[in-house]
Each structure stands twice: as structure tokens, then as C-alpha cells.
>>> print(open('upload-v2.csv').read())   # CSV, C-alpha atoms
chain,number,residue,atom,x,y,z
H,1,MET,CA,74.1,86.5,111.5
H,2,GLU,CA,76.7,84.8,109.2
H,3,LEU,CA,78.7,83.2,111.9
H,4,HIS,CA,77.4,79.8,111.0
H,5,LEU,CA,77.9,79.3,107.3
H,6,ASP,CA,78.3,75.6,107.9
H,7,GLY,CA,74.8,75.4,109.4
H,8,SER,CA,73.0,76.4,106.1
H,9,VAL,CA,72.5,72.9,104.6
H,10,LEU,CA,71.5,73.2,101.0
H,11,ALA,CA,71.0,69.5,100.1
H,12,ARG,CA,71.5,66.1,101.8
H,13,TRP,CA,72.1,62.7,100.4
H,14,GLY,CA,72.0,60.2,103.2
H,15,PRO,CA,74.8,61.0,105.7
H,16,PHE,CA,76.3,63.5,103.3
H,17,HIS,CA,75.3,67.1,103.8
H,18,LEU,CA,76.1,69.8,101.2
H,19,ASN,CA,76.4,73.1,103.1
H,20,SER,CA,77.1,76.6,101.8
H,21,THR,CA,80.8,76.5,102.7
H,22,LEU,CA,81.3,73.3,100.7
H,23,LEU,CA,79.5,74.7,97.6
H,24,MET,CA,81.6,77.9,97.7
H,25,THR,CA,84.8,75.9,98.0
H,26,TRP,CA,83.8,73.9,94.9
H,27,MET,CA,83.1,77.1,93.1
H,28,VAL,CA,86.5,78.6,93.9
H,29,MET,CA,88.1,75.3,92.8
H,30,LEU,CA,86.1,75.4,89.6
H,31,VAL,CA,87.2,79.0,88.9
H,32,LEU,CA,90.9,78.2,89.5
H,33,THR,CA,90.8,75.0,87.5
H,34,LEU,CA,89.0,76.7,84.5
H,35,LEU,CA,91.5,79.6,84.6
H,36,ALA,CA,94.4,77.2,84.7
H,37,TRP,CA,93.0,75.1,81.9
H,38,ALA,CA,92.2,78.1,79.7
H,39,GLY,CA,95.6,79.6,80.4
H,40,THR,CA,97.6,76.5,79.5
H,41,ARG,CA,95.5,75.2,76.7
H,42,ARG,CA,97.4,76.9,73.9
H,43,LEU,CA,100.8,77.6,75.3
H,44,SER,CA,103.2,79.3,73.0
H,45,VAL,CA,106.6,81.0,73.3
H,46,ASP,CA,106.3,83.4,70.3
H,47,SER,CA,102.8,84.8,70.8
H,48,PRO,CA,101.6,84.1,74.3
H,49,SER,CA,98.0,84.9,75.1
H,50,ARG,CA,97.2,87.6,77.7
H,51,LEU,CA,96.0,85.0,80.2
H,52,GLN,CA,99.2,83.0,79.7
H,53,GLY,CA,101.3,86.1,80.4
H,54,ALA,CA,99.3,86.9,83.5
H,55,LEU,CA,99.6,83.4,84.8
H,56,GLU,CA,103.3,83.3,84.1
H,57,ALA,CA,103.8,86.6,85.9
H,58,LEU,CA,101.8,85.3,88.9
H,59,VAL,CA,103.8,82.1,89.1
H,60,GLY,CA,107.0,84.0,88.7
H,61,VAL,CA,106.2,86.3,91.7
H,62,LEU,CA,105.2,83.3,93.8
H,63,ARG,CA,108.4,81.4,93.0
H,64,GLN,CA,110.5,84.5,93.8
H,65,GLN,CA,108.8,85.1,97.1
H,66,VAL,CA,109.1,81.4,98.1
H,67,ARG,CA,112.7,81.3,97.0
H,68,GLU,CA,113.6,84.4,99.1
H,69,VAL,CA,112.1,82.9,102.3
H,70,LEU,CA,113.2,79.3,101.8
H,71,ALA,CA,116.7,80.2,100.4
H,72,CYS,CA,116.6,77.1,98.2
H,73,ASP,CA,115.0,75.7,95.1
H,74,PRO,CA,111.2,76.6,95.5
H,75,ASP,CA,109.8,74.1,93.0
H,76,PRO,CA,109.0,71.2,95.4
H,77,TYR,CA,107.2,73.5,97.7
H,78,LEU,CA,105.5,75.8,95.2
H,79,PRO,CA,102.4,73.7,94.4
H,80,PHE,CA,101.4,73.6,98.1
H,81,LEU,CA,102.3,77.2,99.2
H,82,GLY,CA,101.2,78.8,95.9
H,83,GLY,CA,98.0,76.8,96.0
H,84,LEU,CA,97.2,78.1,99.5
H,85,PHE,CA,97.7,81.7,98.3
H,86,LEU,CA,95.7,81.2,95.1
H,87,PHE,CA,92.8,79.6,97.0
H,88,ILE,CA,92.6,82.3,99.7
H,89,SER,CA,93.0,85.2,97.4
H,90,THR,CA,90.5,83.9,94.8
H,91,SER,CA,87.9,83.3,97.5
H,92,ALA,CA,88.5,86.8,98.8
H,93,LEU,CA,88.2,88.3,95.2
H,94,LEU,CA,85.0,86.3,94.4
H,95,THR,CA,83.2,87.9,97.3
H,96,LEU,CA,82.4,90.7,94.8
H,97,VAL,CA,80.0,88.3,93.1
H,98,PRO,CA,76.6,88.7,94.6
H,99,GLY,CA,75.5,85.7,96.7
H,100,PHE,CA,79.0,84.4,97.2
H,101,HIS,CA,80.4,83.9,100.7
H,102,ALA,CA,84.1,83.5,101.0
H,103,PRO,CA,84.6,79.8,102.1
H,104,THR,CA,87.5,81.2,104.3
H,105,ALA,CA,84.9,83.0,106.4
H,106,SER,CA,84.1,79.6,108.0
H,107,LEU,CA,86.3,78.2,110.7
H,108,SER,CA,86.1,74.7,109.2
H,109,THR,CA,87.8,75.8,106.0
H,110,THR,CA,90.5,77.8,107.7
H,111,GLY,CA,91.0,75.0,110.2
H,112,ALA,CA,91.5,72.5,107.3
H,113,LEU,CA,94.0,74.8,105.6
H,114,ALA,CA,95.9,75.2,108.9
H,115,VAL,CA,95.9,71.4,109.5
H,116,CYS,CA,97.3,71.1,105.9
H,117,VAL,CA,100.2,73.4,107.0
H,118,LEU,CA,100.6,71.4,110.2
H,119,VAL,CA,101.0,68.2,108.2
H,120,ALA,CA,103.1,69.6,105.5
H,121,VAL,CA,105.8,71.0,107.7
H,122,PRO,CA,107.0,67.6,109.1
H,123,VAL,CA,106.4,66.0,105.7
H,124,TYR,CA,108.7,68.4,103.9
H,125,GLY,CA,111.2,68.4,106.8
H,126,ILE,CA,111.4,64.6,106.8
H,127,ALA,CA,111.7,64.5,103.0
H,128,ARG,CA,114.6,66.9,103.3
H,129,GLN,CA,116.5,65.5,106.3
H,130,GLY,CA,115.2,62.0,107.0
H,131,PRO,CA,113.1,61.2,110.1
H,132,TRP,CA,115.9,61.3,112.6
H,133,GLY,CA,117.3,64.6,111.4
H,134,TYR,CA,113.9,66.2,111.6
H,135,LEU,CA,112.9,64.8,115.0
H,136,ARG,CA,116.2,65.9,116.5
H,137,GLY,CA,115.1,69.4,115.9
H,138,TYR,CA,112.5,69.0,118.6
H,139,PHE,CA,115.3,68.3,121.1
H,140,ARG,CA,117.3,71.3,120.2
H,141,PRO,CA,118.9,73.1,122.0
H,142,ASN,CA,118.2,70.6,124.8
H,143,PRO,CA,115.5,67.9,125.6
H,144,LEU,CA,113.8,70.2,128.0
H,145,MET,CA,112.5,72.3,125.1
H,146,PHE,CA,110.5,69.4,123.6
H,147,PRO,CA,107.1,70.3,125.1
H,148,PHE,CA,107.6,73.9,124.1
H,149,HIS,CA,108.2,72.9,120.5
H,150,VAL,CA,105.1,70.7,120.4
H,151,LEU,CA,103.1,73.5,122.1
H,152,GLY,CA,104.4,76.0,119.6
H,153,GLU,CA,103.2,73.8,116.6
H,154,ALA,CA,99.8,73.5,118.1
H,155,THR,CA,99.3,77.2,118.9
H,156,ARG,CA,100.6,78.4,115.6
H,157,THR,CA,98.2,76.1,113.8
H,158,LEU,CA,95.4,77.5,115.9
H,159,SER,CA,96.4,81.1,115.3
H,160,LEU,CA,96.7,80.5,111.5
H,161,ALA,CA,93.2,79.2,111.4
H,162,VAL,CA,91.6,81.8,113.8
H,163,ARG,CA,93.5,84.7,112.1
H,164,LEU,CA,92.2,84.0,108.6
H,165,PHE,CA,88.7,83.1,109.9
H,166,GLY,CA,88.5,86.3,112.1
H,167,ASN,CA,89.6,88.6,109.2
H,168,MET,CA,87.4,87.1,106.5
H,169,ALA,CA,84.3,86.7,108.8
H,170,SER,CA,84.6,90.1,110.2
H,171,SER,CA,85.0,91.7,106.8
H,172,ALA,CA,81.8,90.0,105.6
H,173,MET,CA,80.1,91.1,108.8
H,174,ILE,CA,81.2,94.7,108.6
H,175,VAL,CA,79.9,95.1,105.1
H,176,GLY,CA,76.6,93.6,106.3
H,177,LEU,CA,76.3,95.9,109.2
H,178,LEU,CA,77.1,99.0,107.0
H,179,LEU,CA,74.5,97.9,104.5
H,180,SER,CA,71.9,98.1,107.3
H,181,LEU,CA,73.2,101.4,108.7
H,182,ALA,CA,74.3,103.6,105.7
H,183,PRO,CA,73.4,101.7,102.5
H,184,LEU,CA,74.3,104.2,99.9
H,185,LEU,CA,78.1,104.8,99.6
H,186,PHE,CA,80.0,103.5,102.6
H,187,PRO,CA,79.6,99.7,102.0
H,188,VAL,CA,81.2,100.2,98.6
H,189,VAL,CA,84.2,102.0,100.1
H,190,MET,CA,84.4,99.4,102.8
H,191,GLN,CA,84.2,96.6,100.2
H,192,ILE,CA,87.1,98.0,98.2
H,193,PHE,CA,89.1,98.1,101.5
H,194,GLU,CA,88.1,94.5,102.2
H,195,LEU,CA,89.4,93.4,98.8
H,196,LEU,CA,92.8,94.8,99.8
H,197,LEU,CA,92.5,93.2,103.2
H,198,GLY,CA,91.7,89.8,101.6
H,199,GLN,CA,94.8,89.9,99.4
H,200,VAL,CA,96.9,90.9,102.5
H,201,GLN,CA,95.5,88.0,104.4
H,202,ALA,CA,96.2,85.6,101.6
H,203,TYR,CA,99.8,86.9,101.4
H,204,ILE,CA,100.2,86.6,105.2
H,205,PHE,CA,98.8,83.1,105.3
H,206,ALA,CA,101.0,81.9,102.5
H,207,ILE,CA,104.1,83.7,103.8
H,208,LEU,CA,103.6,82.3,107.3
H,209,ALA,CA,103.1,78.8,105.9
H,210,THR,CA,106.4,79.3,104.0
H,211,VAL,CA,108.2,80.5,107.1
H,212,TYR,CA,106.9,77.4,109.0
H,213,VAL,CA,108.0,75.1,106.2
H,214,ALA,CA,111.4,76.9,106.1
H,215,SER,CA,111.8,76.4,109.9
H,216,GLY,CA,110.9,72.7,109.5
H,217,LEU,CA,113.6,72.4,106.7
H,218,ARG,CA,116.2,74.0,108.8
H,219,ALA,CA,115.4,72.2,112.1
H,220,HIS,CA,118.6,70.4,112.2
H,221,GLU,CA,121.1,72.3,110.1
H,222,GLY,CA,123.9,73.5,112.3
H,223,ARG,CA,122.7,76.4,114.3
H,224,PRO,CA,119.1,77.4,113.9
H,225,THR,CA,118.4,80.7,112.3
X,1,MET,CA,64.0,79.9,134.6
X,2,ASN,CA,64.1,83.3,136.2
X,3,PRO,CA,64.1,85.9,133.3
X,4,ASP,CA,66.2,88.2,135.4
X,5,ASN,CA,69.1,85.9,135.0
X,6,LEU,CA,68.8,86.0,131.2
X,7,THR,CA,68.7,89.8,131.3
X,8,LEU,CA,71.8,89.9,133.5
X,9,LEU,CA,73.5,87.5,131.2
X,10,ALA,CA,72.7,89.6,128.2
X,11,ILE,CA,74.0,92.7,129.9
X,12,ALA,CA,77.2,91.0,131.0
X,13,SER,CA,77.8,89.5,127.6
X,14,VAL,CA,77.4,92.7,125.7
X,15,LEU,CA,79.5,94.7,128.2
X,16,ALA,CA,82.2,92.0,128.1
X,17,ALA,CA,82.2,91.9,124.3
X,18,GLY,CA,82.7,95.7,124.1
X,19,LEU,CA,85.4,95.7,126.8
X,20,THR,CA,87.2,92.8,125.1
X,21,MET,CA,87.3,94.6,121.8
X,22,SER,CA,88.3,98.0,123.2
X,23,ILE,CA,91.0,96.9,125.6
X,24,GLY,CA,92.3,94.2,123.3
X,25,SER,CA,92.7,96.6,120.4
X,26,ILE,CA,94.4,99.4,122.5
X,27,ALA,CA,97.5,97.2,123.1
X,28,THR,CA,97.7,95.7,119.7
X,29,SER,CA,97.3,99.0,117.8
X,30,LEU,CA,100.0,100.6,120.0
X,31,ALA,CA,102.2,97.6,119.2
X,32,GLU,CA,101.5,97.7,115.5
X,33,GLY,CA,102.2,101.4,115.3
X,34,ARG,CA,105.5,100.9,117.0
X,35,ALA,CA,106.4,98.0,114.6
X,36,ILE,CA,105.5,100.0,111.5
X,37,SER,CA,107.3,103.1,112.6
X,38,GLU,CA,110.5,101.1,113.3
X,39,ALA,CA,110.2,99.4,109.9
X,40,LEU,CA,109.7,102.8,108.2
X,41,LYS,CA,112.9,104.1,109.9
X,42,ALA,CA,114.8,101.0,108.8
X,43,ILE,CA,113.5,101.3,105.2
X,44,ALA,CA,114.4,105.0,105.2
X,45,GLN,CA,118.0,104.2,106.3
X,46,GLN,CA,118.4,101.2,103.9
X,47,PRO,CA,116.0,101.5,101.0
X,48,ASP,CA,117.7,98.6,99.2
X,49,GLU,CA,116.5,96.2,101.9
X,50,ALA,CA,112.9,97.3,101.5
X,51,GLY,CA,111.7,93.9,100.3
X,52,PRO,CA,112.9,91.7,103.2
X,53,LEU,CA,112.0,94.4,105.7
X,54,THR,CA,108.5,94.6,104.3
X,55,ARG,CA,108.1,90.8,104.4
X,56,THR,CA,109.3,90.6,108.0
X,57,LEU,CA,107.1,93.5,108.9
X,58,PHE,CA,104.1,91.7,107.5
X,59,VAL,CA,104.9,88.5,109.3
X,60,GLY,CA,105.4,90.4,112.6
X,61,LEU,CA,102.2,92.4,112.1
X,62,ALA,CA,100.3,89.1,111.5
X,63,MET,CA,101.6,87.8,114.8
X,64,ILE,CA,100.7,90.9,116.7
X,65,GLU,CA,97.3,91.2,114.9
X,66,SER,CA,96.4,87.6,115.9
X,67,ILE,CA,95.9,88.9,119.5
X,68,ALA,CA,93.3,91.4,118.3
X,69,ILE,CA,91.7,88.6,116.2
X,70,TYR,CA,91.5,86.4,119.3
X,71,CYS,CA,89.7,89.3,121.1
X,72,LEU,CA,87.4,89.6,118.1
X,73,VAL,CA,86.6,85.9,118.1
X,74,VAL,CA,85.9,86.0,121.9
X,75,ALA,CA,83.6,89.0,121.4
X,76,LEU,CA,81.8,87.3,118.5
X,77,VAL,CA,81.3,84.2,120.6
X,78,LEU,CA,80.0,86.2,123.5
X,79,VAL,CA,77.4,88.0,121.3
X,80,PHE,CA,76.4,85.5,118.7
X,81,ALA,CA,77.2,82.0,120.0
X,82,ASN,CA,77.1,82.4,123.8
X,83,PRO,CA,77.1,78.9,125.3
X,84,PHE,CA,75.6,80.1,128.6
X,85,TRP,CA,72.8,81.7,126.8
X,86,THR,CA,71.7,78.4,125.1
X,87,PHE,CA,72.2,76.6,128.4
X,88,LEU,CA,70.0,79.0,130.3
X,89,THR,CA,67.2,79.2,127.6
X,90,ARG,CA,67.2,75.4,127.4
X,91,ALA,CA,66.9,75.2,131.1
X,92,GLY,CA,64.1,77.7,131.0
X,93,ALA,CA,62.2,75.6,128.4
X,94,ASP,CA,62.3,72.5,130.5
>>> encode(input="upload-v2.csv", output="C-alpha cells")
Amino acid sequence: MELHLDGSVLARWGPFHLNSTLLMTWMVMLVLTLLAWAGTRRLSVDSPSRLQGALEALVGVLRQQVREVLACDPDPYLPFLGGLFLFISTSALLTLVPGFHAPTASLSTTGALAVCVLVAVPVYGIARQGPWGYLRGYFRPNPLMFPFHVLGEATRTLSLAVRLFGNMASSAMIVGLLLSLAPLLFPVVMQIFELLLGQVQAYIFAILATVYVASGLRAHEGRPT
Amino acid sequence: MNPDNLTLLAIASVLAAGLTMSIGSIATSLAEGRAISEALKAIAQQPDEAGPLTRTLFVGLAMIESIAIYCLVVALVLVFANPFWTFLTRAGAD
């Protein structure tokens, strides 16, 4: 079954193995880069191209969502949080292409994304409030809570990774099972449903990352919200 | 290795995977249903607040749903990547 996408090694150069997950990740990156390049190649105010309009609308929605959660200027945080959303949603959309596996259906990709969030929260928090201001948040409301804060960060990283992996892997698996059981119509219906689910998962991952960043930013400010 | 042990292990793994999914999804689906119904009530009372309510609902649903996802991962590991299975078959090969 497709539980071990990382195991399918396509090529190897010395110690470096190119597995299926890595290749799919590069393809998603390529699609995103090409879209961004084509969309920003001929920027114009008077007669924007369709792609430029679509990208502007997308970035506008992302900025608005991030601003609503963070309650501050979203621009320093938008590249990271919006990038997470775009990567996950593109990899979910590209599963329509035959032969493409979503790279997010592998635990190593989702684990890497979750570790990025784990690192980004203290980085943004320290950039905003300085190291002492951020670290004091761990000892709030009293020092007894320190282990629980650390435990909370570890478990929420784990749950971010496992949630995305479970959803994307199970969606690929369900379509595969239906293909072998009732190959005519049901896989198509299920695939449409999985498209929706993939977008919801991308939204959830990005919004949870935003909420975690927001909690890191507010760790010290007066009373925690 | 005694093949009866392998058969028993297969039976136990499949049964445990099924029970994990069924029992695990009962509680989470009840909880998600309650959360959605409460959110719908709140949106019906304050339609202006639909945006923040929906966002909070999604975050909460993701938290609740992660329990079901853990169950799914445990079931998948039991069926497709059972560590005891590889251990027993390797012990049988020796």
C-alpha cells in the first residue's frame, strides 16, 4: 500500500537518495515558482492580466485572514504562513494529475512542516519581544507551569504533523480502495470530496500555525488571551 | 516459529484496528456534532460574527479531529506496518 512513499527510491547518487516524496515536493515547488514568475512578470496597474488578478485576490485573502488572527500587521509573517497554505493546497490540488502523489501524504514532509512551525514560533516571539520577554511566557502564570508549556509545544507539533499526514494519506488510500471495489463512478465523487478536504486541511494547518505564532507573540503581553 | 502465533497476531491486529477506528470515531463524531450545532446556533443568533465563529469552529474541529486521526494512524500501523509482525516473521526465518 502507499504508506511508505519514502521507500520508493527513484535514483541514488552516492549517499543521496531521490525518493518519490522528494520529487513530488520539487514539482510542487516548481509549479508554485512558475505561477509566481508568470504572474509577476508583467505587472501593471491599468490592465492587469488574469493571473495577476487571481494572485492579488489570493494574497489579499491570506493577508486578511492572518491580520484577523494576529491582530497586527501581517506582512512580516505572511511569507511563512501563506507559504505553508500555498504548498499544502497546491499539493492537494495536484493530486488530480495522474501519477502524482501528494508529498503531504508522507510523514516526513508533514513532520518537516510542523518542525518549521515549532521553530518559527519562538523566532517570531523573540523578534517581537526580545529573548527575556519571550522566555518569561514559559513561566506564566507561575514557574510550575514550565513543563506543561514545553509539553504543549511538543504535542502540538506532533499533532500538526500527524493530522495532515493522516488526512492526506487516508484520502489517497480511500480513492485507491474504491478504485479496486467500484471503479466506475464512486472514485470520482470521492476524489471531488478529497479536493475539498485537501483545501480544508491546508486552511486548518495554516490557521493553526497562525494561532500558534499569535500565542508566541502575545506570550508576555499583560494578561494572556 | 510456530505459525499459530502469526495467525493469532494477524487476528488480533485486524480486530484491534477495527475496534480502534470504530470506538475512536464514535466519541469524536459526537463531539464534532455538538461543536457544529453550537456554532450554528451562535451564527443564527449573531450572523455578523459568522467569520470569527467559523474560524474558531475550524480550529476546534481540527483539535477534536486529531483524536480520530490518531486512531486512524494507530489502525494503519497495526494493519500495514505492524512491528510485531516483522519481528515474528524475522524470528521465523532464522
>>> residues_around(input="upload-v2.csv", residues="stretch 156-173 of chain H", least_positions_apart="3", cutoff="9 Å", atoms="all atoms listed in the file", output="tab-separated table (two decimals) with C-alpha atoms, keeping the file's coordinate frame")
chain	number	residue	atom	x	y	z
H	1	MET	CA	74.10	86.50	111.50
H	2	GLU	CA	76.70	84.80	109.20
H	3	LEU	CA	78.70	83.20	111.90
H	92	ALA	CA	88.50	86.80	98.80
H	95	THR	CA	83.20	87.90	97.30
H	101	HIS	CA	80.40	83.90	100.70
H	102	ALA	CA	84.10	83.50	101.00
H	103	PRO	CA	84.60	79.80	102.10
H	104	THR	CA	87.50	81.20	104.30
H	105	ALA	CA	84.90	83.00	106.40
H	106	SER	CA	84.10	79.60	108.00
H	107	LEU	CA	86.30	78.20	110.70
H	108	SER	CA	86.10	74.70	109.20
H	109	THR	CA	87.80	75.80	106.00
H	110	THR	CA	90.50	77.80	107.70
H	111	GLY	CA	91.00	75.00	110.20
H	112	ALA	CA	91.50	72.50	107.30
H	113	LEU	CA	94.00	74.80	105.60
H	114	ALA	CA	95.90	75.20	108.90
H	115	VAL	CA	95.90	71.40	109.50
H	117	VAL	CA	100.20	73.40	107.00
H	118	LEU	CA	100.60	71.40	110.20
H	151	LEU	CA	103.10	73.50	122.10
H	152	GLY	CA	104.40	76.00	119.60
H	153	GLU	CA	103.20	73.80	116.60
H	176	GLY	CA	76.60	93.60	106.30
H	177	LEU	CA	76.30	95.90	109.20
H	178	LEU	CA	77.10	99.00	107.00
H	190	MET	CA	84.40	99.40	102.80
H	191	GLN	CA	84.20	96.60	100.20
H	194	GLU	CA	88.10	94.50	102.20
H	197	LEU	CA	92.50	93.20	103.20
H	198	GLY	CA	91.70	89.80	101.60
H	201	GLN	CA	95.50	88.00	104.40
H	202	ALA	CA	96.20	85.60	101.60
H	205	PHE	CA	98.80	83.10	105.30
H	208	LEU	CA	103.60	82.30	107.30
H	209	ALA	CA	103.10	78.80	105.90
X	62	ALA	CA	100.30	89.10	111.50
X	63	MET	CA	101.60	87.80	114.80
X	65	GLU	CA	97.30	91.20	114.90
X	66	SER	CA	96.40	87.60	115.90
X	67	ILE	CA	95.90	88.90	119.50
X	69	ILE	CA	91.70	88.60	116.20
X	70	TYR	CA	91.50	86.40	119.30
X	72	LEU	CA	87.40	89.60	118.10
X	73	VAL	CA	86.60	85.90	118.10
>>> atom_distance(input="upload-v2.csv", atom1="atom CA of H:Leu84", atom2="atom CA of H:Gln65")
13.8 Å
>>> atom_distance(input="upload-v2.csv", atom1="atom CA of H:Ile174", atom2="atom CA of H:Leu196")
14.6 Å
>>> atom_distance(input="upload-v2.csv", atom1="atom CA of X:Ile11", atom2="atom CA of X:Cys71")
18.3 Å
>>> residues_near_point(input="upload-v2.csv", point="(106.0, 96.4, 114.4)", cutoff="12 Å", atoms="only C-alpha atoms", output="list in words")
Thr28, Ser29, Leu30, Ala31, Glu32, Gly33, Arg34, Ala35, Ile36, Ser37, Glu38, Ala39, Leu40, Lys41, Ala42, Leu53, Thr54, Arg55, Thr56, Leu57, Phe58, Val59, Gly60, Leu61, Ala62, Met63, Ile64 and Glu65 of chain X
>>> closest_residue(input="upload-v2.csv", among="H:Met24, H:Ala206, H:Leu217, H:Leu179", to="H:Ile88", atoms="all atoms listed in the file")
H:Ala206
>>> closest_residue(input="upload-v2.csv", among="H:Leu181, H:Val28, H:Asp75, H:Val150", to="H:Ser89", atoms="all atoms listed in the file")
H:Val28
>>> closest_residue(input="upload-v2.csv", among="X:Ala44, X:Leu88, X:Ala68, X:Leu6", to="chain H", atoms="all atoms listed in the file")
X:Ala68
>>> closest_residue(input="upload-v2.csv", among="H:Val189, H:Ala11, H:Ile204, H:Leu96", to="chain X", atoms="only C-alpha atoms")
H:Ile204
>>> residues_around(input="upload-v2.csv", residues="H:Gln129", least_positions_apart="3", cutoff="9 Å", atoms="only C-alpha atoms", output="list in words")
Tyr124, Gly125, Ile126, Trp132, Gly133, Tyr134, Leu217, Arg218, Ala219 and His220 of chain H
>>> closest_residue(input="upload-v2.csv", among="H:Met27, H:Val61, H:Cys116, H:Val69", to="chain X", atoms="all atoms listed in the file")
H:Val69
